[in-house]
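Engineer: Quick one: the structure is below, and I'll ask about it shortly.
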Amino acid sequence: MSRVLVAEDDPHILRVVSLWLNRQGHEVIEARNGIQALELFERQPPDVLVTDINMPGLTGLELLDRIRELGGADIGVVVLTNRWDHREIGEQLNERGARVIPKPFSPNELAKVVSEMASRSAGAAPSGRE
Amino acid sequence: MSNPPVSAAPASRQADRAAKVIPEPIGLAIAALIFSLAIAIALVAQHRANRSAAEQAREAAQGWGAAFAAGAWKDHDEFTSRVAATRPKVVVAAGARDAAGAVQYAWKAPQRAGRESGTVEVALRDAQGAAAGALVVSYAAANAGALFPFVGGALVVSLGVYWYLYRRLLTHTLPFAALERSLRHHAQGIEGDLRALQLSDSLGTVAQAWNGLVLRIAQLEKQGGAPAEQSDALRRFEAVSLRTALDRLPVGVLRVSPDERITYANAAVARLLGRAAEELTDQVISDVLDAERVRPLLSASRRPADETLELPDRDGQTRRAMRLQVAVPKDGEPDQDRLLVLQDVTHLREMEQARDNFLYHVTHELRTPLTNIHAYAETLTRPDFDDEQTRKECYNVIVSETNRLSKLVEDILSISQLEVGSLRLELGDVDLLRLMREMVQDNLGAADEKGVDLTLKAPPKTPIIRGDKRRLAVLLNNLIGNAIKYTPAAGRVDVSLLVEGRWIRVVVRDSGIGISEADQPKVFEKFYRCARDEVQAVAGTGLGLAIGREIAHLHGGDIRVASAMGQGSTFTVDLPINAREEE
């Protein structure tokens, strides 16, 4: 079982993402904004981060930078973006090794991507976890 | 402009011509009158002299007749010696006839022959009183012969008078005749140039005054575009009106010479650059517009340019967006100055920014419910989530997000109607108190979720107003919704309803983040959202208050805001109880 931190300011989206990830057998930690997500990350780094790009306080991009600074270099990151600014921000996110999923998205597809990342990180650093 | 020299030759020729045409009846009449008068005087004098001469002659003759009757003289010698001795000066000849008529005696004054002007005859009687013939005496007036020299003198005098009068009149009438003649020529187009109408100064004051008038008119005509100097005058005229027009333009215009100096700056550019137009003239252009991006545009001499630049505002702190266009002269054009047109497009930029923001927020607002509908609908299709509770939750989210979508679409529709001015009210009786209760009720969930205390204070009963219930609901909902959105947890939103005379007042007071004084007038503008992080973090289209204000206005009411940063905001809506029936 892997830990997934989900940062999303819309409660309905947060809920549906949690629902699907839980059903896939992940432990989901919910954050309502970027700052809360950063706090939760510092408390216990997750295996995968799913974050919205537009959030009050701290944007998804800023959150990603902070997490990379805090040593979370290997953590798989999925960023939910708006199609509107997808192109501009897509490159920046790719540079930081994040996977971009534009809204509206399929929760099934998101769950698959997260599971892939979780198994990869579990395979890459099994010794670190034991 | 100097007066053209008056050429004397044609003017004097005109005087000659005038002299020929001038008839002089008055002078002639006066001269004739004088002459006739002189003749009359002479004739009267002559007549008088004659009469007196005849008297004297008759007297002398009667004297001699008496002497004859007394027998004082008998023969010729005696007669002639007596006549010669006693004759008055007027008697020039004397003779005697006998009763039969034969001449018996005769005497003549030696030097005065042929000058007699008349004769008198006296009967002779002898001592017995019998007729003895007649005595005939010829006389001549004392001034006889003076008539002709006198007439000659009168003629000379009257001719002299005539000549004098003629000269006098000539000096006065000559200019008028010349004037008449030249005016006639001008009217007939013989003399095109007004200056040809000038008269010789020798024609006196009338001519001099006339010349002054003609010169003045000629000058005015020249200024106004007399054919010869037309281009010059036209150029001056165009320069003046062009300058006026340029100064009235709301667009900045600079003229820059090939050596980079400003040769002209209009009023608008002076305003834009915060300097006096006179101060700008003669400056090197790059000293005036020295922003980094401007310099290459201006030194890249011969290329036209059209760019939008950020220039520091007059206060030196904010920057304004300026569109700079450079128009360059064509090769071989006489005017090699470049024309720079400067326009403040800051407001345009702001509007573009507002439109982009609007699109961004609209798509964001659209995407969120769409994302939810998509995700929850997909969840419903999966057998993994077939428990009743999850399915119910999915349905609820889909319904609420669909409502959110339709609300958003309605907002956008309202704003587009507002844009074209076609927003119309559907009037009916509205119980505003009841409507407010519903709106507060609807927002309680959102308030609870945020930890904001939402309250309603109102009298138990308020008048029914005429209005559009649906639109008023939108207005109230927008105000309450905003208050909750921009009030942090543990804050409060107090909604109250008051009746003030013929008005119903709705007050929505919150303890939220507040609105800066600069932003307060702008919050009612379409698409406007404050740039502050606290505002940008909250989803919104910047339409709610714009729509709200329009609805208040359409009801004949108004809306206003009072606020201070960090101390909450109070929105007040006044609606008339008897809203006017819609047109």
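Each chain in the structure tokens gets a letter, A, B and so on, in the order shown; residues start at 1 in every chain, and ligands are counted from 1 in the order they appear.
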Got a sec to pull out which chain A residues are within 10 Å of chain B, counting only C-alpha atoms, and send them as an MDAnalysis selection string?
Structural biologist: chainID A and resid 9:17 19:20 23:24 54:59 82:85 102:108
Engineer: Based on DSSP run over this structure's backbone, return all residues of segment 48-126 of chain A in strand (DSSP E or B), as an NGL selection string.
Structural biologist: :A and (48-52 or 76-82 or 98-103)
Engineer: In segment 281-507 of chain B, what's helix (DSSP H, G or I) per DSSP? Answer as a PyMOL selection string?
Structural biologist: chain B and resi 285-288+294-299+346-381+383-385+388-420+432-450+469-485
Engineer: Those residues you just picked out, can you put them in a file as a tab-separated table (two decimals), in the first residue's frame with C-alpha atoms?
Structural biologist:
```
chain	number	residue	atom	x	y	z
B	285	ILE	CA	14.14	63.02	-29.16
B	286	SER	CA	16.05	60.36	-27.27
B	287	ASP	CA	16.33	62.74	-24.31
B	288	VAL	CA	12.57	62.92	-24.18
B	294	VAL	CA	12.23	53.53	-27.84
B	295	ARG	CA	15.81	54.47	-28.62
B	296	PRO	CA	16.44	51.88	-31.35
B	297	LEU	CA	13.08	52.72	-32.94
B	298	LEU	CA	14.07	56.34	-33.24
B	299	SER	CA	17.66	55.86	-34.32
B	346	THR	CA	-3.18	51.79	-20.87
B	347	HIS	CA	-6.93	51.68	-20.59
B	348	LEU	CA	-7.15	49.52	-23.69
B	349	ARG	CA	-4.56	47.22	-22.18
B	350	GLU	CA	-6.54	47.06	-18.97
B	351	MET	CA	-9.64	46.19	-20.92
B	352	GLU	CA	-7.79	43.49	-22.82
B	353	GLN	CA	-6.42	42.23	-19.55
B	354	ALA	CA	-9.93	42.26	-18.08
B	355	ARG	CA	-11.22	40.32	-21.09
B	356	ASP	CA	-8.41	37.76	-20.80
B	357	ASN	CA	-9.05	37.46	-17.09
B	358	PHE	CA	-12.71	37.02	-17.79
B	359	LEU	CA	-12.08	34.27	-20.30
B	360	TYR	CA	-9.65	32.64	-17.95
B	361	HIS	CA	-12.07	32.72	-15.07
B	362	VAL	CA	-15.04	31.71	-17.16
B	363	THR	CA	-13.22	28.69	-18.50
B	364	HIS	CA	-11.98	27.87	-15.04
B	365	GLU	CA	-15.48	28.21	-13.65
B	366	LEU	CA	-16.86	26.10	-16.49
B	367	ARG	CA	-14.19	23.49	-16.16
B	368	THR	CA	-14.67	22.76	-12.50
B	369	PRO	CA	-18.33	21.70	-12.72
B	370	LEU	CA	-17.58	19.93	-16.00
B	371	THR	CA	-14.72	18.05	-14.38
B	372	ASN	CA	-16.97	17.00	-11.54
B	373	ILE	CA	-19.85	15.96	-13.78
B	374	HIS	CA	-17.42	13.98	-15.91
B	375	ALA	CA	-15.68	12.32	-12.94
B	376	TYR	CA	-18.86	11.48	-11.00
B	377	ALA	CA	-20.64	10.23	-14.09
B	378	GLU	CA	-17.70	7.95	-14.82
B	379	THR	CA	-17.78	6.77	-11.22
B	380	LEU	CA	-21.46	5.87	-11.64
B	381	THR	CA	-20.60	3.62	-14.58
B	383	PRO	CA	-19.31	-1.61	-10.83
B	384	ASP	CA	-16.68	-0.96	-8.10
B	385	PHE	CA	-18.82	1.91	-6.80
B	388	GLU	CA	-26.14	3.07	-2.58
B	389	GLN	CA	-24.41	5.85	-0.67
B	390	THR	CA	-21.72	6.46	-3.28
B	391	ARG	CA	-24.24	6.38	-6.11
B	392	LYS	CA	-26.44	8.89	-4.28
B	393	GLU	CA	-23.47	11.12	-3.65
B	394	CYS	CA	-22.58	10.97	-7.33
B	395	TYR	CA	-26.11	11.93	-8.39
B	396	ASN	CA	-26.15	14.84	-5.94
B	397	VAL	CA	-22.83	16.19	-7.15
B	398	ILE	CA	-23.89	15.88	-10.76
B	399	VAL	CA	-27.13	17.78	-10.06
B	400	SER	CA	-25.47	20.54	-8.02
B	401	GLU	CA	-22.66	20.97	-10.53
B	402	THR	CA	-25.20	21.13	-13.34
B	403	ASN	CA	-26.95	23.92	-11.42
B	404	ARG	CA	-23.65	25.67	-10.97
B	405	LEU	CA	-23.08	25.44	-14.69
B	406	SER	CA	-26.48	26.85	-15.56
B	407	LYS	CA	-25.99	29.69	-13.08
B	408	LEU	CA	-22.71	30.50	-14.74
B	409	VAL	CA	-24.24	30.35	-18.19
B	410	GLU	CA	-27.03	32.63	-16.98
B	411	ASP	CA	-24.49	35.09	-15.61
B	412	ILE	CA	-22.65	35.17	-18.90
B	413	LEU	CA	-25.92	35.60	-20.74
B	414	SER	CA	-26.93	38.44	-18.40
B	415	ILE	CA	-23.66	40.16	-18.95
B	416	SER	CA	-23.94	39.89	-22.70
B	417	GLN	CA	-27.49	41.30	-22.53
B	418	LEU	CA	-26.09	44.00	-20.29
B	419	GLU	CA	-23.44	44.68	-22.91
B	420	VAL	CA	-26.01	45.23	-25.64
B	432	LEU	CA	-38.51	41.21	-0.79
B	433	LEU	CA	-38.43	39.97	2.82
B	434	ARG	CA	-39.47	36.49	1.76
B	435	LEU	CA	-37.01	36.53	-1.11
B	436	MET	CA	-34.22	37.52	1.27
B	437	ARG	CA	-35.07	34.75	3.66
B	438	GLU	CA	-34.81	32.27	0.79
B	439	MET	CA	-31.48	33.70	-0.33
B	440	VAL	CA	-30.02	33.60	3.17
B	441	GLN	CA	-31.30	30.04	3.52
B	442	ASP	CA	-29.65	29.07	0.23
B	443	ASN	CA	-26.33	30.48	1.37
B	444	LEU	CA	-26.33	29.03	4.88
B	445	GLY	CA	-24.63	25.87	3.62
B	446	ALA	CA	-21.73	27.78	2.07
B	447	ALA	CA	-21.42	29.96	5.16
B	448	ASP	CA	-21.36	26.98	7.48
B	449	GLU	CA	-18.80	25.27	5.32
B	450	LYS	CA	-16.53	28.34	5.63
B	469	LYS	CA	-38.20	38.47	-8.69
B	470	ARG	CA	-35.67	36.37	-10.57
B	471	ARG	CA	-33.30	39.29	-11.14
B	472	LEU	CA	-33.65	40.56	-7.58
B	473	ALA	CA	-32.80	37.06	-6.37
B	474	VAL	CA	-29.65	37.20	-8.50
B	475	LEU	CA	-28.73	40.57	-7.00
B	476	LEU	CA	-29.23	39.42	-3.41
B	477	ASN	CA	-27.54	36.11	-4.02
B	478	ASN	CA	-24.52	37.79	-5.58
B	479	LEU	CA	-24.14	40.15	-2.62
B	480	ILE	CA	-24.53	37.45	0.02
B	481	GLY	CA	-22.39	35.01	-1.95
B	482	ASN	CA	-19.60	37.58	-2.33
B	483	ALA	CA	-19.73	38.47	1.35
B	484	ILE	CA	-19.24	34.83	2.29
B	485	LYS	CA	-16.57	34.29	-0.39
```
Engineer: What does the distance between atom CA of Thr570 of chain B and atom CA of Pro521 of chain B come to in Å, to one decimal place?
Structural biologist: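 It comes out at 13.5 Å.
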Engineer: Any idea what's packed within 8 Å of Ser117 of chain B, counting only C-alpha atoms, ignoring anything in its chain fewer than 4 positions away? Could you give it as a PyMOL selection string?
Structural biologist: chain B and resi 50+138-141+144
Engineer: Save the residues we just selected, N, CA and C atoms, as a PDB file, in the first residue's frame?
Structural biologist:
```pdb
ATOM      1  N   ASN B  50     -27.643 159.835 -70.669  1.00  0.00           N
ATOM      2  CA  ASN B  50     -28.331 160.341 -71.859  1.00  0.00           C
ATOM      3  C   ASN B  50     -29.450 161.289 -71.478  1.00  0.00           C
ATOM      4  N   SER B 138     -28.097 169.022 -80.927  1.00  0.00           N
ATOM      5  CA  SER B 138     -27.620 167.629 -80.719  1.00  0.00           C
ATOM      6  C   SER B 138     -26.769 167.558 -79.457  1.00  0.00           C
ATOM      7  N   TYR B 139     -26.920 166.483 -78.719  1.00  0.00           N
ATOM      8  CA  TYR B 139     -26.124 166.338 -77.492  1.00  0.00           C
ATOM      9  C   TYR B 139     -25.448 164.959 -77.443  1.00  0.00           C
ATOM     10  N   ALA B 140     -24.506 164.907 -76.598  1.00  0.00           N
ATOM     11  CA  ALA B 140     -23.838 163.599 -76.377  1.00  0.00           C
ATOM     12  C   ALA B 140     -23.614 163.458 -74.881  1.00  0.00           C
ATOM     13  N   ALA B 141     -23.966 162.291 -74.347  1.00  0.00           N
ATOM     14  CA  ALA B 141     -23.781 162.032 -72.896  1.00  0.00           C
ATOM     15  C   ALA B 141     -22.307 162.170 -72.545  1.00  0.00           C
ATOM     16  N   ALA B 144     -20.403 159.019 -72.912  1.00  0.00           N
ATOM     17  CA  ALA B 144     -20.573 158.278 -74.156  1.00  0.00           C
ATOM     18  C   ALA B 144     -19.220 157.795 -74.650  1.00  0.00           C
TER      19      ALA B 144
END
```
Engineer: Excluding same-chain residues fewer than 2 positions from segment 316-320 of chain B, what lies within 9 Å of it counting only C-alpha atoms, as number ranges by chain?
Structural biologist: B: 309-314, 322, 344-347
Engineer: Kindly save the residues from that selection, with N, CA and C atoms included, as a PDB file, in the first residue's frame.
Structural biologist:
```pdb
ATOM      1  N   LEU B 309       4.778  50.303 -25.965  1.00  0.00           N
ATOM      2  CA  LEU B 309       5.889  50.387 -25.030  1.00  0.00           C
ATOM      3  C   LEU B 309       5.364  50.711 -23.644  1.00  0.00           C
ATOM      4  N   GLU B 310       6.178  50.390 -22.666  1.00  0.00           N
ATOM      5  CA  GLU B 310       5.837  50.782 -21.307  1.00  0.00           C
ATOM      6  C   GLU B 310       6.669  52.013 -20.988  1.00  0.00           C
ATOM      7  N   LEU B 311       6.002  53.125 -20.732  1.00  0.00           N
ATOM      8  CA  LEU B 311       6.738  54.338 -20.388  1.00  0.00           C
ATOM      9  C   LEU B 311       6.368  54.724 -18.959  1.00  0.00           C
ATOM     10  N   PRO B 312       7.322  55.306 -18.239  1.00  0.00           N
ATOM     11  CA  PRO B 312       7.000  55.716 -16.878  1.00  0.00           C
ATOM     12  C   PRO B 312       5.937  56.821 -16.898  1.00  0.00           C
ATOM     13  N   ASP B 313       5.036  56.749 -15.958  1.00  0.00           N
ATOM     14  CA  ASP B 313       3.998  57.767 -15.837  1.00  0.00           C
ATOM     15  C   ASP B 313       4.623  59.042 -15.306  1.00  0.00           C
ATOM     16  N   ARG B 314       3.816  60.109 -15.309  1.00  0.00           N
ATOM     17  CA  ARG B 314       4.308  61.392 -14.838  1.00  0.00           C
ATOM     18  C   ARG B 314       4.853  61.305 -13.405  1.00  0.00           C
ATOM     19  N   MET B 322       2.066  52.701 -23.911  1.00  0.00           N
ATOM     20  CA  MET B 322       1.953  53.699 -24.978  1.00  0.00           C
ATOM     21  C   MET B 322       2.182  53.017 -26.318  1.00  0.00           C
ATOM     22  N   ASP B 344      -1.857  56.761 -25.534  1.00  0.00           N
ATOM     23  CA  ASP B 344      -1.917  56.064 -24.257  1.00  0.00           C
ATOM     24  C   ASP B 344      -2.921  54.925 -24.392  1.00  0.00           C
ATOM     25  N   VAL B 345      -2.416  53.702 -24.403  1.00  0.00           N
ATOM     26  CA  VAL B 345      -3.312  52.557 -24.569  1.00  0.00           C
ATOM     27  C   VAL B 345      -3.442  51.790 -23.267  1.00  0.00           C
ATOM     28  N   THR B 346      -3.117  52.468 -22.157  1.00  0.00           N
ATOM     29  CA  THR B 346      -3.180  51.792 -20.866  1.00  0.00           C
ATOM     30  C   THR B 346      -4.579  51.251 -20.595  1.00  0.00           C
ATOM     31  N   HIS B 347      -5.564  52.100 -20.869  1.00  0.00           N
ATOM     32  CA  HIS B 347      -6.933  51.677 -20.588  1.00  0.00           C
ATOM     33  C   HIS B 347      -7.317  50.499 -21.486  1.00  0.00           C
TER      34      HIS B 347
END
```
Engineer: Which of these, A:Leu93, A:Leu38, A:Val48, A:Met1, has the shortest distance to His26 of chain A once you count only C-alpha atoms?
Structural biologist: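 Nearest to His26 of chain A: A:Met1.
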Engineer: Find the residues around Ile465 of chain B up to 12 Å (only C-alpha atoms counted), leave out those fewer than 3 positions away in its own chain, and share them as a list in words.
Structural biologist: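 In the requested form, the answer reads Leu427, Gly428, Asp429, Val430, Asp431, Leu432, Leu433, Arg434, Leu435, Thr462, Asp468, Lys469, Leu472, Val499, Arg502, Trp503, Ile504, Arg505, His555, Gly556, Gly557, Asp574, Leu575, Pro576, Ile577, Asn578, Ala579, Arg580 and Glu581 of chain B.
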Engineer: Only N, CA and C atoms, please: the residues just picked out, written as an mmCIF file, in the first residue's frame.
Structural biologist:
```cif
data_model
loop_
_atom_site.group_PDB
_atom_site.id
_atom_site.type_symbol
_atom_site.label_atom_id
_atom_site.label_comp_id
_atom_site.auth_asym_id
_atom_site.auth_seq_id
_atom_site.Cartn_x
_atom_site.Cartn_y
_atom_site.Cartn_z
ATOM 1 N N LEU B 427 -41.678 42.280 -14.656
ATOM 2 C CA LEU B 427 -42.169 42.871 -13.412
ATOM 3 C C LEU B 427 -43.337 42.094 -12.820
ATOM 4 N N GLY B 428 -43.335 42.057 -11.496
ATOM 5 C CA GLY B 428 -44.439 41.444 -10.759
ATOM 6 C C GLY B 428 -44.367 41.938 -9.328
ATOM 7 N N ASP B 429 -45.263 41.450 -8.477
ATOM 8 C CA ASP B 429 -45.187 41.825 -7.070
ATOM 9 C C ASP B 429 -44.135 40.958 -6.397
ATOM 10 N N VAL B 430 -43.239 41.598 -5.678
ATOM 11 C CA VAL B 430 -42.164 40.842 -5.021
ATOM 12 C C VAL B 430 -42.183 41.117 -3.524
ATOM 13 N N ASP B 431 -42.242 40.048 -2.759
ATOM 14 C CA ASP B 431 -42.098 40.167 -1.307
ATOM 15 C C ASP B 431 -40.608 40.042 -1.017
ATOM 16 N N LEU B 432 -39.967 41.187 -0.887
ATOM 17 C CA LEU B 432 -38.511 41.205 -0.788
ATOM 18 C C LEU B 432 -38.035 40.475 0.471
ATOM 19 N N LEU B 433 -38.812 40.614 1.554
ATOM 20 C CA LEU B 433 -38.432 39.973 2.817
ATOM 21 C C LEU B 433 -38.377 38.457 2.639
ATOM 22 N N ARG B 434 -39.396 37.939 1.974
ATOM 23 C CA ARG B 434 -39.474 36.494 1.762
ATOM 24 C C ARG B 434 -38.316 36.036 0.853
ATOM 25 N N LEU B 435 -38.090 36.843 -0.163
ATOM 26 C CA LEU B 435 -37.013 36.528 -1.107
ATOM 27 C C LEU B 435 -35.671 36.500 -0.367
ATOM 28 N N THR B 462 -42.683 43.753 5.491
ATOM 29 C CA THR B 462 -42.218 44.875 4.665
ATOM 30 C C THR B 462 -43.142 45.000 3.462
ATOM 31 N N ASP B 468 -38.606 42.482 -10.619
ATOM 32 C CA ASP B 468 -38.364 41.206 -11.291
ATOM 33 C C ASP B 468 -37.774 40.263 -10.260
ATOM 34 N N LYS B 469 -38.590 39.320 -9.806
ATOM 35 C CA LYS B 469 -38.196 38.474 -8.690
ATOM 36 C C LYS B 469 -36.912 37.697 -8.994
ATOM 37 N N LEU B 472 -33.940 40.099 -8.934
ATOM 38 C CA LEU B 472 -33.647 40.564 -7.580
ATOM 39 C C LEU B 472 -32.987 39.435 -6.778
ATOM 40 N N VAL B 499 -36.994 49.659 6.015
ATOM 41 C CA VAL B 499 -37.897 50.465 5.193
ATOM 42 C C VAL B 499 -37.631 51.922 5.544
ATOM 43 N N ARG B 502 -40.131 55.877 1.120
ATOM 44 C CA ARG B 502 -40.623 55.138 -0.052
ATOM 45 C C ARG B 502 -39.557 54.173 -0.578
ATOM 46 N N TRP B 503 -38.563 53.900 0.239
ATOM 47 C CA TRP B 503 -37.476 53.028 -0.216
ATOM 48 C C TRP B 503 -37.314 51.822 0.707
ATOM 49 N N ILE B 504 -36.907 50.732 0.093
ATOM 50 C CA ILE B 504 -36.496 49.568 0.882
ATOM 51 C C ILE B 504 -34.990 49.462 0.742
ATOM 52 N N ARG B 505 -34.339 49.334 1.885
ATOM 53 C CA ARG B 505 -32.882 49.281 1.854
ATOM 54 C C ARG B 505 -32.395 47.903 2.296
ATOM 55 N N HIS B 555 -34.318 48.690 -11.683
ATOM 56 C CA HIS B 555 -35.452 48.822 -10.765
ATOM 57 C C HIS B 555 -35.601 50.256 -10.282
ATOM 58 N N GLY B 556 -34.803 51.161 -10.825
ATOM 59 C CA GLY B 556 -34.865 52.561 -10.389
ATOM 60 C C GLY B 556 -34.133 52.772 -9.081
ATOM 61 N N GLY B 557 -33.328 51.803 -8.702
ATOM 62 C CA GLY B 557 -32.600 51.905 -7.438
ATOM 63 C C GLY B 557 -31.119 52.111 -7.653
ATOM 64 N N ASP B 574 -30.578 50.359 -2.482
ATOM 65 C CA ASP B 574 -31.846 51.048 -2.256
ATOM 66 C C ASP B 574 -32.772 50.760 -3.420
ATOM 67 N N LEU B 575 -33.975 50.276 -3.093
ATOM 68 C CA LEU B 575 -34.956 49.992 -4.144
ATOM 69 C C LEU B 575 -36.229 50.769 -3.840
ATOM 70 N N PRO B 576 -36.810 51.431 -4.850
ATOM 71 C CA PRO B 576 -38.052 52.169 -4.602
ATOM 72 C C PRO B 576 -39.207 51.191 -4.370
ATOM 73 N N ILE B 577 -40.097 51.536 -3.408
ATOM 74 C CA ILE B 577 -41.218 50.633 -3.118
ATOM 75 C C ILE B 577 -42.188 50.615 -4.295
ATOM 76 N N ASN B 578 -42.418 51.781 -4.887
ATOM 77 C CA ASN B 578 -43.230 51.820 -6.101
ATOM 78 C C ASN B 578 -42.303 51.903 -7.301
ATOM 79 N N ALA B 579 -41.704 50.794 -7.622
ATOM 80 C CA ALA B 579 -40.805 50.817 -8.776
ATOM 81 C C ALA B 579 -41.610 51.226 -9.998
ATOM 82 N N ARG B 580 -40.994 52.063 -10.836
ATOM 83 C CA ARG B 580 -41.730 52.556 -11.997
ATOM 84 C C ARG B 580 -42.127 51.395 -12.894
ATOM 85 N N GLU B 581 -43.306 51.502 -13.451
ATOM 86 C CA GLU B 581 -43.739 50.492 -14.420
ATOM 87 C C GLU B 581 -42.777 50.559 -15.590
#
```
Engineer: What is the atom CA of Met117 of chain A-atom CA of Ile35 of chain A distance in Å, reported with one decimal?
Structural biologist: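 Atom CA of Ile35 of chain A lies at a distance of 23.5 Å from atom CA of Met117 of chain A.
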Engineer: Taking 2 positions as the minimum chain separation for residues in the same chain, which residues sit within 7 Å of Gln198 of chain B when counting only C-alpha atoms? Answer as an NGL selection string.
Structural biologist: :B and (195-196 or 200 or 211 or 214)
Engineer: Next, the residues of the selection above should be written as a compact mmCIF listing (two decimals), in the first residue's frame with C-alpha atoms.
Structural biologist:
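File produced: out-v8.txt:
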```
# COMPACT_ATOMS: atom_id res chain seq x y z
CA ARG B 195 -3.93 98.98 -57.22
CA ALA B 196 -4.65 100.29 -60.70
CA SER B 200 -2.76 110.68 -58.50
CA ASN B 211 -5.76 105.53 -52.35
CA VAL B 214 -7.64 100.86 -52.19
```
Engineer: Just the residues within 12 Å of Arg43 of chain A, please, counting only C-alpha atoms, with nothing from its chain fewer than 6 positions along; format it as a list in words.
Structural biologist: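 Returned residues: Leu5, Ile29, Gln36, Ala37 and Leu70 of chain A.
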